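Asker: Supplied structure: entry02.pdb, PDB, C-alpha atoms.
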```
ATOM      1  CA  LYS A 289       0.000   0.000   0.000
ATOM      2  CA  ASP A 290       2.846   2.350   0.632
ATOM      3  CA  ASN A 291       4.238   1.846  -2.896
ATOM      4  CA  SER A 292       0.981   2.515  -4.621
ATOM      5  CA  ALA A 293       0.530   5.684  -2.597
ATOM      6  CA  ARG A 294       3.908   7.032  -3.730
ATOM      7  CA  GLU A 295       3.499   6.202  -7.380
ATOM      8  CA  PRO A 296       0.834   8.785  -8.080
ATOM      9  CA  MET A 297       3.113  11.305  -6.383
ATOM     10  CA  ARG A 298       5.900  10.530  -8.801
ATOM     11  CA  MET A 299       3.641  10.756 -11.800
ATOM     12  CA  MET A 300       2.197  14.080 -10.766
ATOM     13  CA  PRO A 301       5.486  15.991 -10.970
ATOM     14  CA  GLN A 302       6.288  14.383 -14.351
ATOM     15  CA  GLN A 303       2.905  15.364 -15.834
ATOM     16  CA  THR A 304       3.268  18.917 -14.486
ATOM     17  CA  SER A 305       6.708  19.433 -16.044
ATOM     18  CA  GLU A 306       5.484  18.034 -19.409
ATOM     19  CA  ARG A 307       2.485  20.366 -19.271
ATOM     20  CA  SER A 308       4.748  23.225 -18.273
ATOM     21  CA  GLY A 309       7.026  22.580 -21.300
ATOM     22  CA  ASN A 310       4.048  22.310 -23.646
ATOM     23  CA  SER A 311       2.509  25.512 -22.218
ATOM     24  CA  TRP A 312       5.685  27.491 -22.953
ATOM     25  CA  GLN A 313       5.760  26.138 -26.485
ATOM     26  CA  TRP A 314       2.115  27.033 -27.021
ATOM     27  CA  LEU A 315       2.675  30.445 -25.481
ATOM     28  CA  ALA A 316       5.715  31.053 -27.736
ATOM     29  CA  ALA A 317       3.776  29.886 -30.819
ATOM     30  CA  ALA A 318       0.826  32.089 -29.894
ATOM     31  CA  SER A 319       3.174  35.051 -29.357
ATOM     32  CA  ILE A 320       4.783  34.538 -32.767
ATOM     33  CA  ILE A 321       1.379  34.214 -34.433
ATOM     34  CA  GLY A 322       0.213  37.364 -32.630
ATOM     35  CA  LEU A 323       3.369  39.205 -33.698
ATOM     36  CA  LEU A 324       2.930  38.124 -37.341
ATOM     37  CA  PHE A 325      -0.750  39.147 -37.214
ATOM     38  CA  SER A 326       0.249  42.530 -35.744
ATOM     39  CA  VAL A 327       2.909  43.077 -38.432
ATOM     40  CA  GLY A 328       0.400  42.123 -41.157
ATOM     41  CA  LEU A 329      -2.213  44.455 -39.686
ATOM     42  CA  ASN A 330       0.335  47.290 -39.480
ATOM     43  CA  VAL A 331       1.342  46.785 -43.139
ATOM     44  CA  TYR A 332      -2.335  46.742 -44.157
ATOM     45  CA  GLN A 333      -3.072  49.931 -42.169
ATOM     46  CA  HIS A 334       0.048  51.643 -43.580
ATOM     47  CA  ASN A 335      -1.035  50.829 -47.165
ATOM     48  CA  LYS A 336      -4.533  52.035 -46.378
ATOM     49  CA  LEU A 337      -3.081  55.278 -44.955
ATOM     50  CA  ASP A 338      -0.985  55.779 -48.103
ATOM     51  CA  ASN A 339      -4.122  55.328 -50.235
ATOM     52  CA  VAL A 340      -5.990  57.881 -48.117
ATOM     53  CA  LYS A 341      -3.072  60.332 -48.444
ATOM     54  CA  GLU A 342      -3.078  59.918 -52.245
ATOM     55  CA  GLU A 343      -6.843  60.411 -52.389
ATOM     56  CA  LEU A 344      -6.531  63.498 -50.181
ATOM     57  CA  ALA A 345      -3.843  64.906 -52.493
ATOM     58  CA  ARG A 346      -6.092  64.306 -55.539
ATOM     59  CA  SER A 347      -8.998  65.956 -53.744
ATOM     60  CA  GLU A 348      -6.830  68.943 -52.838
ATOM     61  CA  GLN A 349      -5.697  69.257 -56.446
ATOM     62  CA  GLN A 350      -9.329  69.128 -57.637
ATOM     63  CA  ARG A 351     -10.282  71.724 -55.033
ATOM     64  CA  SER A 352      -7.493  73.954 -56.305
ATOM     65  CA  VAL A 353      -8.675  73.570 -59.917
ATOM     66  CA  PHE A 354     -12.264  74.320 -58.872
ATOM     67  CA  ALA A 355     -11.116  77.381 -56.915
ATOM     68  CA  GLN A 356      -9.288  78.663 -60.009
ATOM     69  CA  GLU A 357     -12.357  78.038 -62.168
ATOM     70  CA  ILE A 358     -14.542  79.861 -59.653
ATOM     71  CA  GLU A 359     -12.134  82.811 -59.665
ATOM     72  CA  VAL A 360     -12.251  82.928 -63.473
ATOM     73  CA  GLN A 361     -16.056  82.862 -63.353
ATOM     74  CA  ARG A 362     -16.113  85.541 -60.638
ATOM     75  CA  THR A 363     -13.837  87.784 -62.731
ATOM     76  CA  SER A 364     -15.991  87.188 -65.805
ATOM     77  CA  LEU A 365     -19.124  88.039 -63.845
ATOM     78  CA  GLU A 366     -17.590  91.269 -62.533
ATOM     79  CA  HIS A 367     -16.501  92.190 -66.061
ATOM     80  CA  SER A 368     -20.041  91.498 -67.339
ATOM     81  CA  LYS A 369     -21.543  93.630 -64.564
ATOM     82  CA  GLU A 370     -19.227  96.518 -65.460
ATOM     83  CA  GLN A 371     -20.166  96.242 -69.134
ATOM     84  CA  LEU A 372     -23.863  96.074 -68.322
ATOM     85  CA  ALA A 373     -23.515  99.219 -66.216
ATOM     86  CA  VAL A 374     -21.972 101.008 -69.230
ATOM     87  CA  LEU A 375     -24.779  99.822 -71.506
ATOM     88  CA  GLN A 376     -27.453 100.908 -69.015
ATOM     89  CA  ASP A 377     -25.849 104.248 -68.117
ATOM     90  CA  PRO A 378     -28.431 106.941 -68.926
ATOM     91  CA  ASN A 379     -25.613 109.497 -69.358
ATOM     92  CA  ALA A 380     -23.884 107.463 -72.096
ATOM     93  CA  SER A 381     -24.416 108.444 -75.703
ATOM     94  CA  VAL A 382     -24.349 105.567 -78.178
ATOM     95  CA  ILE A 383     -22.590 106.348 -81.457
ATOM     96  CA  THR A 384     -22.802 103.702 -84.190
ATOM     97  CA  LEU A 385     -19.886 103.698 -86.632
ATOM     98  CA  GLN A 386     -20.528 102.194 -90.072
ATOM     99  CA  GLY A 387     -17.771 100.153 -91.687
ATOM    100  CA  MET A 388     -16.276 101.045 -95.058
ATOM    101  CA  GLY A 389     -14.167  99.073 -97.535
ATOM    102  CA  ALA A 390     -13.350  95.596 -96.155
ATOM    103  CA  ALA A 391     -15.560  96.349 -93.129
ATOM    104  CA  ASP A 392     -18.551  97.457 -95.249
ATOM    105  CA  GLY A 393     -21.770  96.379 -93.590
ATOM    106  CA  ARG A 394     -20.092  95.986 -90.219
ATOM    107  CA  THR A 395     -20.546  98.287 -87.263
ATOM    108  CA  ALA A 396     -18.817  99.332 -84.091
ATOM    109  CA  ARG A 397     -20.525 101.123 -81.241
ATOM    110  CA  VAL A 398     -18.978 103.815 -79.099
ATOM    111  CA  TYR A 399     -20.441 104.489 -75.628
ATOM    112  CA  TRP A 400     -19.432 107.960 -74.447
ATOM    113  CA  ASP A 401     -20.388 109.403 -71.093
ATOM    114  CA  LYS A 402     -19.711 113.118 -71.488
ATOM    115  CA  THR A 403     -20.105 113.781 -67.752
ATOM    116  CA  SER A 404     -17.368 111.305 -66.750
ATOM    117  CA  ALA A 405     -15.484 111.456 -70.103
ATOM    118  CA  GLU A 406     -15.398 107.632 -70.204
ATOM    119  CA  VAL A 407     -15.371 106.006 -73.627
ATOM    120  CA  TYR A 408     -16.024 102.335 -74.411
ATOM    121  CA  VAL A 409     -16.046 100.596 -77.795
ATOM    122  CA  ASP A 410     -17.963  97.470 -78.766
ATOM    123  CA  HIS A 411     -16.033  96.220 -81.793
ATOM    124  CA  HIS A 412     -17.077  92.574 -81.973
ATOM    125  CA  SER A 413     -18.550  92.879 -85.457
ATOM    126  CA  ILE A 414     -15.560  94.423 -87.220
ATOM    127  CA  PRO A 415     -13.176  92.000 -88.935
ATOM    128  CA  PRO A 416      -9.693  91.352 -87.584
ATOM    129  CA  PRO A 417      -7.163  93.905 -88.861
ATOM    130  CA  PRO A 418      -4.565  92.889 -91.450
ATOM    131  CA  ALA A 419      -1.273  91.440 -90.193
ATOM    132  CA  GLY A 420       0.951  94.086 -88.634
ATOM    133  CA  LYS A 421      -1.965  96.514 -88.271
ATOM    134  CA  GLN A 422      -4.305  97.582 -85.485
ATOM    135  CA  TYR A 423      -7.552  99.541 -85.233
ATOM    136  CA  GLN A 424      -7.367 102.976 -83.659
ATOM    137  CA  LEU A 425     -10.219 105.117 -82.338
ATOM    138  CA  TRP A 426     -10.229 108.843 -82.996
ATOM    139  CA  ILE A 427     -12.453 111.716 -81.954
ATOM    140  CA  LEU A 428     -12.689 114.786 -84.137
ATOM    141  CA  VAL A 429     -12.287 117.970 -82.111
ATOM    142  CA  ASP A 430     -12.880 121.086 -84.206
ATOM    143  CA  GLY A 431     -12.072 119.068 -87.339
ATOM    144  CA  ASN A 432      -8.790 117.691 -85.993
ATOM    145  CA  PRO A 433      -8.420 113.944 -85.123
ATOM    146  CA  VAL A 434      -7.411 113.241 -81.524
ATOM    147  CA  ASP A 435      -6.213 109.777 -80.467
ATOM    148  CA  ALA A 436      -8.729 107.968 -78.278
ATOM    149  CA  GLY A 437      -6.725 104.719 -78.066
ATOM    150  CA  VAL A 438      -6.040 101.514 -79.972
ATOM    151  CA  LEU A 439      -8.297  98.485 -79.934
ATOM    152  CA  PRO A 440      -6.797  95.236 -78.668
ATOM    153  CA  LEU A 441      -5.793  92.653 -81.232
ATOM    154  CA  SER A 442      -7.526  89.782 -79.462
ATOM    155  CA  ASP A 443     -10.720  89.100 -77.520
ATOM    156  CA  PRO A 444     -13.156  91.344 -79.369
ATOM    157  CA  ASP A 445     -16.030  90.207 -77.142
ATOM    158  CA  GLY A 446     -17.469  92.861 -74.922
ATOM    159  CA  LEU A 447     -16.597  96.478 -74.409
ATOM    160  CA  GLU A 448     -13.117  97.915 -74.447
ATOM    161  CA  ARG A 449     -12.260 100.905 -72.255
ATOM    162  CA  MET A 450     -10.573 103.610 -74.280
ATOM    163  CA  LYS A 451      -8.944 106.927 -73.356
ATOM    164  CA  ASP A 452     -11.134 109.499 -71.646
ATOM    165  CA  VAL A 453     -12.557 112.108 -74.006
ATOM    166  CA  GLN A 454     -13.817 115.450 -72.677
ATOM    167  CA  THR A 455     -15.095 117.020 -75.857
ATOM    168  CA  GLY A 456     -15.472 116.356 -79.568
ATOM    169  CA  GLN A 457     -17.916 116.116 -82.416
ATOM    170  CA  THR A 458     -17.652 112.585 -83.804
ATOM    171  CA  PHE A 459     -15.690 109.337 -83.601
ATOM    172  CA  ALA A 460     -13.902 107.346 -86.302
ATOM    173  CA  VAL A 461     -11.937 104.081 -86.432
ATOM    174  CA  THR A 462      -8.953 103.646 -88.761
ATOM    175  CA  ILE A 463      -6.477 100.879 -89.478
ATOM    176  CA  GLU A 464      -2.997 101.921 -88.341
ATOM    177  CA  LYS A 465       0.397 100.311 -87.707
ATOM    178  CA  LEU A 466       0.722  98.273 -84.494
ATOM    179  CA  GLY A 467       0.581 100.582 -81.498
ATOM    180  CA  GLY A 468      -1.364 103.236 -83.402
ATOM    181  CA  SER A 469      -0.399 106.584 -84.897
ATOM    182  CA  GLU A 470      -0.021 110.021 -83.386
ATOM    183  CA  SER A 471      -2.160 111.657 -86.041
TER     184      SER A 471
END
```
Mind converting the file's structure to structure tokens?
Answerer:
Amino acid sequence: KDNSAREPMRMMPQQTSERSGNSWQWLAAASIIGLLFSVGLNVYQHNKLDNVKEELARSEQQRSVFAQEIEVQRTSLEHSKEQLAVLQDPNASVITLQGMGAADGRTARVYWDKTSAEVYVDHHSIPPPPAGKQYQLWILVDGNPVDAGVLPLSDPDGLERMKDVQTGQTFAVTIEKLGGSES
């Protein structure tokens, strides 16, 4: 009876040390698996973060393009409002100039506010000038032509602000060398 009582005692410590060795192995394996899972999750999150950064950069670029487009539209709207104010100004006289020669049948309109001396020209219907030439606006003062400015070579849409004119009898447009003529 004494021997059988001691045998279970001997077996108990052997089973405990085997379990203890197996537990450390399982714990080490679980730690390695957890570490690999953590590394994989970190790589996944890093890639996801890079994708979000790229998308944010694209969105910022689009926002910048939209902001530029809005500014262009805002400038265009302000320009249109200014032109509409000229057209609706009750103090502005409207002088229609009839084309001659190559511009026969075409017109240009001069808007002249004698109180402010402001002059605008709507020249969208006159043909482009010949190469090396430019249109020039004149006002006749006591029969003498006075330079009122040259018309731009491009963008004939809308009104062009010319030099202020205090007094005169009539306007005329001529084709001159680039930059205009003095007389």
Asker: So how many Å separate CA of Gly420 in chain A and CA of Ser469 in chain A, to one decimal?
Answerer: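 Interatomic distance, CA of Gly420 in chain A to CA of Ser469 in chain A: 13.1 Å.
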Asker: Please compute the CA of Leu439 in chain A-CA of Ile463 in chain A distance, one decimal, in Å.
Answerer: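 Between CA of Leu439 in chain A and CA of Ile463 in chain A the gap is 10.0 Å.
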Asker: Using the chain letters and numbers from the file, which residues does the PyMOL selection byres ((chain A and resi 380-384) around 8) grab, as a short mmCIF file (atom, residue, chain, number, x, y, z; two decimals) with C-alpha atoms, in the coordinates of the input?
Answerer:
```cif
data_model
loop_
_atom_site.label_atom_id
_atom_site.label_comp_id
_atom_site.auth_asym_id
_atom_site.auth_seq_id
_atom_site.Cartn_x
_atom_site.Cartn_y
_atom_site.Cartn_z
CA VAL A 374 -21.97 101.01 -69.23
CA LEU A 375 -24.78 99.82 -71.51
CA ASP A 377 -25.85 104.25 -68.12
CA PRO A 378 -28.43 106.94 -68.93
CA ASN A 379 -25.61 109.50 -69.36
CA LEU A 385 -19.89 103.70 -86.63
CA GLN A 386 -20.53 102.19 -90.07
CA THR A 395 -20.55 98.29 -87.26
CA ALA A 396 -18.82 99.33 -84.09
CA ARG A 397 -20.52 101.12 -81.24
CA VAL A 398 -18.98 103.82 -79.10
CA TYR A 399 -20.44 104.49 -75.63
CA TRP A 400 -19.43 107.96 -74.45
CA ASP A 401 -20.39 109.40 -71.09
CA LYS A 402 -19.71 113.12 -71.49
CA PHE A 459 -15.69 109.34 -83.60
#
```
Asker: Nearest to Val434 in chain A: which of A:Asp410, A:Thr458, A:Pro417, A:Ser471 is it, counting only C-alpha atoms?
Answerer: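 Of the candidates, the smallest distance to Val434 in chain A is held by A:Ser471.
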Asker: Using all atoms listed in the file, which residues sit within 12 Å of range 387-394 of chain A once same-chain residues fewer than 5 positions away are excluded, as an MDAnalysis selection string?
Answerer: chainID A and resid 410:418 423 460:463
Asker: How would you write, as number ranges by chain, the residues chosen by the PyMOL selection byres ((chain A and resi 429) around 9) on this structure?
Answerer: A: 427-428, 430-434, 455-458
Asker: A:Val327, A:Leu365, A:Ala345, A:Met450: which is nearest Leu425 in chain A, counting all atoms listed in the file?
Answerer: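 Checking each of A:Val327, A:Leu365, A:Ala345, A:Met450 against Leu425 in chain A, counting all atoms listed in the file, the winner is A:Met450.
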Asker: If we count all atoms listed in the file and set the cut-off at 9 Å, which residues sit around Gln454 in chain A, ignoring sequence neighbours fewer than 3 positions away in its own chain? Please answer as a PDB file with C-alpha atoms, in the frame of the given file.
Answerer:
```pdb
ATOM      1  CA  LYS A 402     -19.711 113.118 -71.488  1.00  0.00           C
ATOM      2  CA  THR A 403     -20.105 113.781 -67.752  1.00  0.00           C
ATOM      3  CA  SER A 404     -17.368 111.305 -66.750  1.00  0.00           C
ATOM      4  CA  ALA A 405     -15.484 111.456 -70.103  1.00  0.00           C
ATOM      5  CA  GLU A 406     -15.398 107.632 -70.204  1.00  0.00           C
TER       6      GLU A 406
END
```
Asker: What gap, in Å, lies between CA of His367 in chain A and CA of Arg449 in chain A?
Answerer: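 It comes out at 11.5 Å.
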Asker: I need the residue nearest Asp435 in chain A from this list: A:Glu359, A:Ser364, A:Asp452, A:Leu324. Use all atoms listed in the file for the distance.
Answerer: A:Asp452
Asker: Quick one: everything within 7 Å of Lys451 in chain A, counting all atoms listed in the file, minus sequence neighbours fewer than 2 positions away in the same chain. Send it as a list in words.
Answerer: Val407, Ala436, Gly437, Arg449 and Val453 of chain A
Asker: Selected residues, C-alpha atoms, written as an mmCIF file, in the frame of the given file, please.
Answerer:
```cif
data_model
loop_
_atom_site.group_PDB
_atom_site.id
_atom_site.type_symbol
_atom_site.label_atom_id
_atom_site.label_comp_id
_atom_site.auth_asym_id
_atom_site.auth_seq_id
_atom_site.Cartn_x
_atom_site.Cartn_y
_atom_site.Cartn_z
ATOM 1 C CA VAL A 407 -15.371 106.006 -73.627
ATOM 2 C CA ALA A 436 -8.729 107.968 -78.278
ATOM 3 C CA GLY A 437 -6.725 104.719 -78.066
ATOM 4 C CA ARG A 449 -12.260 100.905 -72.255
ATOM 5 C CA VAL A 453 -12.557 112.108 -74.006
#
```
Asker: Between A:Thr363, A:Ile321, A:Ile358, A:Gln422, single out the one closest to Ser442 in chain A, counting all atoms listed in the file.
Answerer: A:Gln422
